>>> print(open('data.cif').read())   # mmCIF, C-alpha atoms
data_work
loop_
_atom_site.label_atom_id
_atom_site.label_comp_id
_atom_site.auth_asym_id
_atom_site.auth_seq_id
_atom_site.Cartn_x
_atom_site.Cartn_y
_atom_site.Cartn_z
CA MET D 398 -169.53 10.30 39.66
CA SER D 399 -173.24 10.35 40.39
CA SER D 400 -175.03 11.54 37.32
CA TRP D 401 -178.47 10.76 35.95
CA GLY D 402 -179.63 11.57 32.43
CA ILE D 403 -183.03 11.10 30.89
CA SER D 404 -183.61 11.42 27.18
CA SER D 405 -186.99 11.21 25.51
CA SER D 406 -185.43 10.00 22.26
CA CYS D 407 -184.05 6.55 21.60
CA PHE D 408 -181.45 7.92 19.19
CA SER D 409 -178.20 9.63 20.01
CA GLN D 410 -176.84 12.30 17.68
CA GLY D 411 -174.38 9.77 16.29
CA THR D 412 -177.00 7.15 15.40
CA LYS D 413 -177.23 6.36 11.69
CA SER D 414 -180.35 5.18 9.92
CA PRO D 415 -180.30 1.58 8.75
CA SER D 416 -179.38 1.27 5.10
CA SER D 417 -182.33 1.04 2.75
CA PRO D 418 -182.53 -1.09 -0.35
CA PRO D 419 -181.30 0.78 -3.42
CA SER D 420 -183.99 2.83 -5.13
CA ALA D 421 -184.38 3.87 -8.72
CA GLU D 422 -182.82 7.24 -9.56
CA GLY D 423 -185.30 10.09 -9.05
CA SER D 424 -187.71 8.06 -6.90
CA ALA D 425 -188.97 9.25 -3.52
CA PRO D 426 -186.93 8.32 -0.44
CA GLU D 427 -187.95 5.19 1.41
CA PRO D 428 -190.53 5.93 4.16
CA LEU D 429 -188.49 4.02 6.76
CA GLU D 430 -185.41 6.16 6.11
CA LYS D 431 -187.48 9.36 6.29
CA ASP D 432 -189.11 8.27 9.57
CA MET D 433 -185.72 7.35 11.06
CA ASN D 434 -184.21 10.72 10.12
CA GLU D 435 -187.17 12.56 11.63
CA ALA D 436 -186.95 10.47 14.81
CA GLU D 437 -183.22 11.20 15.02
CA GLU D 438 -183.91 14.95 14.99
CA ASN D 439 -186.95 14.73 17.28
CA SER D 440 -187.17 16.81 20.42
CA LYS D 441 -184.96 15.77 23.31
CA ASP D 442 -184.95 16.62 26.97
CA LEU D 443 -181.87 15.98 29.07
CA VAL D 444 -182.10 16.08 32.86
CA LYS D 445 -178.94 15.63 34.92
CA PHE D 446 -178.20 15.83 38.64
CA THR D 447 -174.53 15.40 39.47
CA THR D 448 -171.85 16.07 42.07
CA GLU D 449 -169.40 16.85 39.26
CA LYS D 450 -168.65 20.36 37.96
CA LEU D 451 -171.26 21.45 35.39
CA SER D 452 -170.28 22.26 31.80
CA VAL D 453 -171.89 25.11 29.88
CA ASP D 454 -170.44 23.63 26.66
CA GLU D 455 -172.04 20.24 27.34
CA ALA D 456 -175.43 21.84 28.03
CA SER D 457 -175.21 23.99 24.90
CA GLN D 458 -174.10 21.08 22.71
CA SER D 459 -176.89 18.85 24.03
CA VAL D 460 -179.56 21.24 22.67
CA THR D 461 -177.82 22.15 19.42
CA SER D 462 -179.88 21.30 16.33
CA PRO D 463 -179.47 22.29 12.67
CA CYS D 464 -183.12 23.37 12.54
CA CYS D 465 -182.69 25.86 15.40
CA GLY D 466 -181.50 29.44 15.14
CA ALA D 467 -181.51 30.07 18.90
CA ILE D 468 -179.94 28.52 21.97
CA SER D 469 -180.71 30.30 25.22
CA LEU D 470 -178.71 29.54 28.37
CA PHE D 471 -179.16 30.30 32.05
CA VAL D 472 -176.22 29.66 34.35
CA GLY D 473 -176.81 30.11 38.06
CA THR D 474 -173.56 30.42 40.03
CA THR D 475 -172.55 30.59 43.69
CA ARG D 476 -172.02 34.21 44.71
CA ASN D 477 -169.63 35.18 47.51
CA ASN D 478 -172.05 37.09 49.74
CA PHE D 479 -175.52 37.06 51.24
CA GLU D 480 -176.98 39.67 53.61
CA GLY D 481 -173.54 40.93 54.66
CA LYS D 482 -172.06 37.46 55.21
CA THR D 483 -169.17 36.05 53.20
CA VAL D 484 -170.31 32.85 51.44
CA ILE D 485 -167.56 30.30 50.67
CA SER D 486 -169.77 27.62 49.07
CA LEU D 487 -173.27 26.23 48.73
CA GLU D 488 -174.35 22.69 49.44
CA TYR D 489 -177.28 21.16 47.54
CA GLU D 490 -179.34 18.10 48.36
CA ALA D 491 -182.24 16.62 46.42
CA TYR D 492 -184.54 13.64 46.43
CA ILE D 493 -183.45 12.54 42.95
CA PRO D 494 -186.48 10.50 41.73
CA MET D 495 -188.91 13.23 42.74
CA ALA D 496 -186.67 16.03 41.42
CA GLU D 497 -186.22 14.28 38.04
CA ASN D 498 -189.96 13.73 37.68
CA GLU D 499 -190.72 17.36 38.44
CA VAL D 500 -188.08 18.63 35.98
CA ARG D 501 -189.57 16.36 33.30
CA ARG D 502 -192.99 17.89 34.05
CA ILE D 503 -191.49 21.35 33.60
CA CYS D 504 -190.06 20.24 30.23
CA ARG D 505 -193.52 18.98 29.19
CA ASP D 506 -195.07 22.29 30.29
CA ILE D 507 -192.53 24.15 28.17
CA ARG D 508 -193.34 22.03 25.11
CA GLN D 509 -197.05 22.76 25.52
CA ARG D 510 -196.43 26.53 25.66
CA TRP D 511 -193.53 27.17 23.23
CA PRO D 512 -192.24 25.59 19.99
CA VAL D 513 -188.88 24.47 21.38
CA ARG D 514 -186.67 21.69 20.01
CA ARG D 515 -184.55 20.60 22.96
CA VAL D 516 -184.30 21.33 26.68
CA ALA D 517 -181.41 20.49 29.03
CA VAL D 518 -181.52 21.00 32.80
CA PHE D 519 -178.32 20.28 34.75
CA HIS D 520 -178.22 20.75 38.53
CA ARG D 521 -175.24 20.33 40.81
CA LEU D 522 -175.49 18.46 44.10
CA GLY D 523 -173.09 18.52 47.03
CA LEU D 524 -170.63 21.38 47.60
CA VAL D 525 -170.47 24.14 44.98
CA PRO D 526 -167.65 26.69 45.49
CA VAL D 527 -168.00 30.41 44.75
CA SER D 528 -168.23 31.22 41.01
CA GLU D 529 -169.04 27.63 39.96
CA ALA D 530 -172.37 26.76 38.34
CA SER D 531 -175.15 25.32 40.49
CA VAL D 532 -177.66 25.07 37.65
CA ILE D 533 -177.50 25.28 33.86
CA ILE D 534 -180.61 25.35 31.69
CA ALA D 535 -180.36 25.32 27.90
CA VAL D 536 -183.25 25.61 25.43
CA SER D 537 -183.14 25.56 21.63
CA SER D 538 -185.80 26.72 19.21
CA ALA D 539 -186.13 27.99 15.67
CA HIS D 540 -186.38 31.61 16.87
CA ARG D 541 -185.08 33.42 19.98
CA ALA D 542 -188.41 34.52 21.50
CA ALA D 543 -189.54 30.96 22.22
CA SER D 544 -186.24 29.84 23.77
CA LEU D 545 -185.87 32.99 25.89
CA GLU D 546 -189.43 32.78 27.25
CA ALA D 547 -189.14 29.03 27.87
CA LEU D 548 -185.81 29.55 29.65
CA SER D 549 -187.27 32.15 32.02
CA TYR D 550 -190.21 29.86 32.76
CA ALA D 551 -187.87 26.89 33.35
CA ILE D 552 -185.71 28.54 36.04
CA ASN D 553 -188.72 30.06 37.81
CA ALA D 554 -190.59 26.73 37.77
CA LEU D 555 -187.49 24.82 38.91
CA LYS D 556 -187.08 27.12 41.93
CA ALA D 557 -190.80 26.92 42.74
CA ARG D 558 -191.47 23.21 42.25
CA VAL D 559 -188.39 20.98 42.36
CA PRO D 560 -187.39 19.47 45.74
CA ILE D 561 -183.81 20.75 45.96
CA TRP D 562 -182.43 22.11 49.23
CA LYS D 563 -179.62 24.65 49.53
CA LYS D 564 -177.29 25.32 52.46
CA GLU D 565 -175.03 28.37 52.51
CA MET D 566 -171.57 27.85 54.03
CA TYR D 567 -170.13 31.05 55.53
CA GLU D 568 -166.54 32.15 56.09
CA GLU D 569 -167.06 32.40 59.86
CA SER D 570 -167.60 28.59 60.06
CA SER D 571 -171.37 28.80 60.26
CA SER D 572 -173.98 27.67 57.78
CA ALA D 573 -177.71 28.02 57.14
CA TRP D 574 -180.25 26.07 55.14
CA LYS D 575 -181.98 28.59 52.88
CA ARG D 576 -185.73 28.90 52.57
CA ASN D 577 -186.76 29.32 48.95
CA LYS D 578 -189.43 32.05 48.90
CA GLU D 579 -190.50 30.96 45.41
CA CYS D 580 -191.20 27.37 46.44
CA PHE D 581 -194.93 26.58 46.56
CA TRP D 582 -194.76 24.55 49.78
CA ALA D 583 -192.76 27.26 51.61
CA ALA D 584 -195.43 29.88 50.82
CA SER D 585 -198.13 27.85 52.62
CA GLU D 586 -196.18 27.59 55.91
#
>>> encode(input="data.cif", output="structure tokens")
Amino acid sequence: MSSWGISSSCFSQGTKSPSSPPSAEGSAPEPLEKDMNEAEENSKDLVKFTTEKLSVDEASQSVTSPCCGAISLFVGTTRNNFEGKTVISLEYEAYIPMAENEVRRICRDIRQRWPVRRVAVFHRLGLVPVSEASVIIAVSSAHRAASLEALSYAINALKARVPIWKKEMYEESSSAWKRNKECFWAASE
């Protein structure tokens, strides 16, 4: 399995804070314990490129937070037709280091514009059969407006900026690399 994940937090959801020395009843919590709990719940971004089948549940779970009342999801799937041709699968290629960096920039842009908690961007590489997910983006926030707006921005920015190439495989044994009209470098050609 080729899968890459980047997390901006050094804590996993299962990480426990180190035990603090006992405190007198009624006293304020130890600052170290408070800082560790806040760090544990800090914002996280998860970026994953993989040849394995994508999981909506995994994406949703990765952005779940008790302080959020909204999780917005976008799932882009392979459809079975394009301009009258029967599509049997898509094939994706990417220059991983560059693609990861650009997705992280998109996550930073989102954080500057909306009060979101967590962002996950999963993209499939290799062959993706009809009806399977090519991309899943999940965003959590306290309220739905922020996550919905951030989600829309994320998919549009991904299509415009991230170096991922798509080839459509047709039933009649032909194929075609697809030009992405939204991509900034394609518009200048």
>>> axis_aligned_box(input="data.cif", around="region 504-513 of chain D", padding_each_side="3 Å", output="AutoDock Vina command-line options")
--center_x -193.0 --center_y 23.1 --center_z 25.1 --size_x 14.2 --size_y 14.2 --size_z 16.3
>>> residues_around(input="data.cif", residues="region 458-472 of chain D", least_positions_apart="5", cutoff="9 Å", atoms="all atoms listed in the file", output="PyMOL selection string")
chain D and resi 438+441-443+453+513-517+530-545+547-549+552
>>> atom_distance(input="data.cif", atom1="CA of Arg558 (chain D)", atom2="CA of Arg521 (chain D)")
16.5 Å
>>> atom_distance(input="data.cif", atom1="CA of Asn477 (chain D)", atom2="CA of Lys556 (chain D)")
20.0 Å
>>> resolve_selection(input="data.cif", expression="the PyMOL selection byres ((chain D and resi 489-499) around 7)", output="VMD selection string")
chain D and resid 444 487 to 488 500 to 503 522 to 524 559 to 564
>>> atom_distance(input="data.cif", atom1="CA of Phe519 (chain D)", atom2="CA of Lys445 (chain D)")
4.7 Å
>>> residues_around(input="data.cif", residues="Pro526 (chain D)", least_positions_apart="5", cutoff="7 Å", atoms="only C-alpha atoms", output="ChimeraX atom specification")
/D:475,485-487
>>> write_last_selection(input="data.cif", atoms="C-alpha atoms", output="mmCIF file, in the coordinates of the input")
data_model
loop_
_atom_site.group_PDB
_atom_site.id
_atom_site.type_symbol
_atom_site.label_atom_id
_atom_site.label_comp_id
_atom_site.auth_asym_id
_atom_site.auth_seq_id
_atom_site.Cartn_x
_atom_site.Cartn_y
_atom_site.Cartn_z
ATOM 1 C CA THR D 475 -172.550 30.590 43.690
ATOM 2 C CA ILE D 485 -167.560 30.300 50.670
ATOM 3 C CA SER D 486 -169.770 27.620 49.070
ATOM 4 C CA LEU D 487 -173.270 26.230 48.730
#
>>> residues_near_point(input="data.cif", point="(-165.4, 32.8, 54.0)", cutoff="10 Å", atoms="only C-alpha atoms", output="VMD selection string")
chain D and resid 477 to 478 482 to 486 527 566 to 571
>>> closest_residue(input="data.cif", among="D:Tyr550, D:Cys504, D:Thr474, D:Val518", to="Ala456 (chain D)", atoms="all atoms listed in the file")
D:Val518
>>> closest_residue(input="data.cif", among="D:Leu451, D:Pro512, D:Glu546, D:Glu565", to="Gly473 (chain D)", atoms="all atoms listed in the file")
D:Leu451
>>> decode(input="data.cif", residues="region 491-509 of chain D", atoms="N, CA, C and O atoms", output="PDB file, in the first residue's frame")
ATOM      1  N   ALA D 491       0.245  11.524  -9.809  1.00  0.00           N
ATOM      2  CA  ALA D 491       0.587  12.771  -9.131  1.00  0.00           C
ATOM      3  C   ALA D 491       2.064  12.771  -8.788  1.00  0.00           C
ATOM      4  O   ALA D 491       2.672  11.716  -8.600  1.00  0.00           O
ATOM      5  N   TYR D 492       2.629  13.955  -8.729  1.00  0.00           N
ATOM      6  CA  TYR D 492       3.970  14.119  -8.182  1.00  0.00           C
ATOM      7  C   TYR D 492       3.748  14.376  -6.686  1.00  0.00           C
ATOM      8  O   TYR D 492       3.381  15.474  -6.278  1.00  0.00           O
ATOM      9  N   ILE D 493       3.898  13.310  -5.895  1.00  0.00           N
ATOM     10  CA  ILE D 493       3.470  13.311  -4.488  1.00  0.00           C
ATOM     11  C   ILE D 493       4.041  14.473  -3.661  1.00  0.00           C
ATOM     12  O   ILE D 493       3.261  15.166  -3.004  1.00  0.00           O
ATOM     13  N   PRO D 494       5.354  14.715  -3.629  1.00  0.00           N
ATOM     14  CA  PRO D 494       5.843  15.801  -2.765  1.00  0.00           C
ATOM     15  C   PRO D 494       5.216  17.148  -3.102  1.00  0.00           C
ATOM     16  O   PRO D 494       4.828  17.911  -2.218  1.00  0.00           O
ATOM     17  N   MET D 495       5.093  17.438  -4.377  1.00  0.00           N
ATOM     18  CA  MET D 495       4.506  18.709  -4.795  1.00  0.00           C
ATOM     19  C   MET D 495       3.007  18.747  -4.479  1.00  0.00           C
ATOM     20  O   MET D 495       2.489  19.774  -4.010  1.00  0.00           O
ATOM     21  N   ALA D 496       2.324  17.638  -4.730  1.00  0.00           N
ATOM     22  CA  ALA D 496       0.881  17.574  -4.462  1.00  0.00           C
ATOM     23  C   ALA D 496       0.604  17.734  -2.971  1.00  0.00           C
ATOM     24  O   ALA D 496      -0.303  18.479  -2.578  1.00  0.00           O
ATOM     25  N   GLU D 497       1.378  17.048  -2.120  1.00  0.00           N
ATOM     26  CA  GLU D 497       1.188  17.173  -0.663  1.00  0.00           C
ATOM     27  C   GLU D 497       1.401  18.603  -0.204  1.00  0.00           C
ATOM     28  O   GLU D 497       0.618  19.129   0.594  1.00  0.00           O
ATOM     29  N   ASN D 498       2.457  19.230  -0.686  1.00  0.00           N
ATOM     30  CA  ASN D 498       2.740  20.622  -0.296  1.00  0.00           C
ATOM     31  C   ASN D 498       1.600  21.549  -0.690  1.00  0.00           C
ATOM     32  O   ASN D 498       1.211  22.426   0.080  1.00  0.00           O
ATOM     33  N   GLU D 499       1.070  21.357  -1.876  1.00  0.00           N
ATOM     34  CA  GLU D 499      -0.005  22.240  -2.336  1.00  0.00           C
ATOM     35  C   GLU D 499      -1.287  22.004  -1.536  1.00  0.00           C
ATOM     36  O   GLU D 499      -1.991  22.952  -1.192  1.00  0.00           O
ATOM     37  N   VAL D 500      -1.586  20.751  -1.206  1.00  0.00           N
ATOM     38  CA  VAL D 500      -2.771  20.475  -0.384  1.00  0.00           C
ATOM     39  C   VAL D 500      -2.596  21.093   1.002  1.00  0.00           C
ATOM     40  O   VAL D 500      -3.540  21.669   1.559  1.00  0.00           O
ATOM     41  N   ARG D 501      -1.384  21.013   1.564  1.00  0.00           N
ATOM     42  CA  ARG D 501      -1.152  21.657   2.869  1.00  0.00           C
ATOM     43  C   ARG D 501      -1.355  23.170   2.778  1.00  0.00           C
ATOM     44  O   ARG D 501      -1.882  23.781   3.708  1.00  0.00           O
ATOM     45  N   ARG D 502      -0.951  23.770   1.661  1.00  0.00           N
ATOM     46  CA  ARG D 502      -1.186  25.216   1.467  1.00  0.00           C
ATOM     47  C   ARG D 502      -2.687  25.511   1.429  1.00  0.00           C
ATOM     48  O   ARG D 502      -3.144  26.512   1.981  1.00  0.00           O
ATOM     49  N   ILE D 503      -3.435  24.660   0.770  1.00  0.00           N
ATOM     50  CA  ILE D 503      -4.892  24.830   0.716  1.00  0.00           C
ATOM     51  C   ILE D 503      -5.474  24.746   2.126  1.00  0.00           C
ATOM     52  O   ILE D 503      -6.327  25.557   2.504  1.00  0.00           O
ATOM     53  N   CYS D 504      -4.997  23.795   2.924  1.00  0.00           N
ATOM     54  CA  CYS D 504      -5.461  23.678   4.318  1.00  0.00           C
ATOM     55  C   CYS D 504      -5.141  24.950   5.104  1.00  0.00           C
ATOM     56  O   CYS D 504      -5.981  25.440   5.870  1.00  0.00           O
ATOM     57  N   ARG D 505      -3.940  25.501   4.910  1.00  0.00           N
ATOM     58  CA  ARG D 505      -3.581  26.761   5.582  1.00  0.00           C
ATOM     59  C   ARG D 505      -4.493  27.899   5.125  1.00  0.00           C
ATOM     60  O   ARG D 505      -4.940  28.710   5.939  1.00  0.00           O
ATOM     61  N   ASP D 506      -4.770  27.958   3.823  1.00  0.00           N
ATOM     62  CA  ASP D 506      -5.677  28.991   3.302  1.00  0.00           C
ATOM     63  C   ASP D 506      -7.051  28.884   3.962  1.00  0.00           C
ATOM     64  O   ASP D 506      -7.656  29.891   4.336  1.00  0.00           O
ATOM     65  N   ILE D 507      -7.532  27.657   4.098  1.00  0.00           N
ATOM     66  CA  ILE D 507      -8.835  27.424   4.729  1.00  0.00           C
ATOM     67  C   ILE D 507      -8.827  27.951   6.156  1.00  0.00           C
ATOM     68  O   ILE D 507      -9.750  28.646   6.578  1.00  0.00           O
ATOM     69  N   ARG D 508      -7.768  27.644   6.893  1.00  0.00           N
ATOM     70  CA  ARG D 508      -7.686  28.072   8.304  1.00  0.00           C
ATOM     71  C   ARG D 508      -7.640  29.594   8.438  1.00  0.00           C
ATOM     72  O   ARG D 508      -8.095  30.138   9.433  1.00  0.00           O
ATOM     73  N   GLN D 509      -7.077  30.266   7.449  1.00  0.00           N
ATOM     74  CA  GLN D 509      -7.034  31.731   7.491  1.00  0.00           C
ATOM     75  C   GLN D 509      -8.389  32.348   7.184  1.00  0.00           C
ATOM     76  O   GLN D 509      -8.668  33.463   7.596  1.00  0.00           O
TER      77      GLN D 509
END
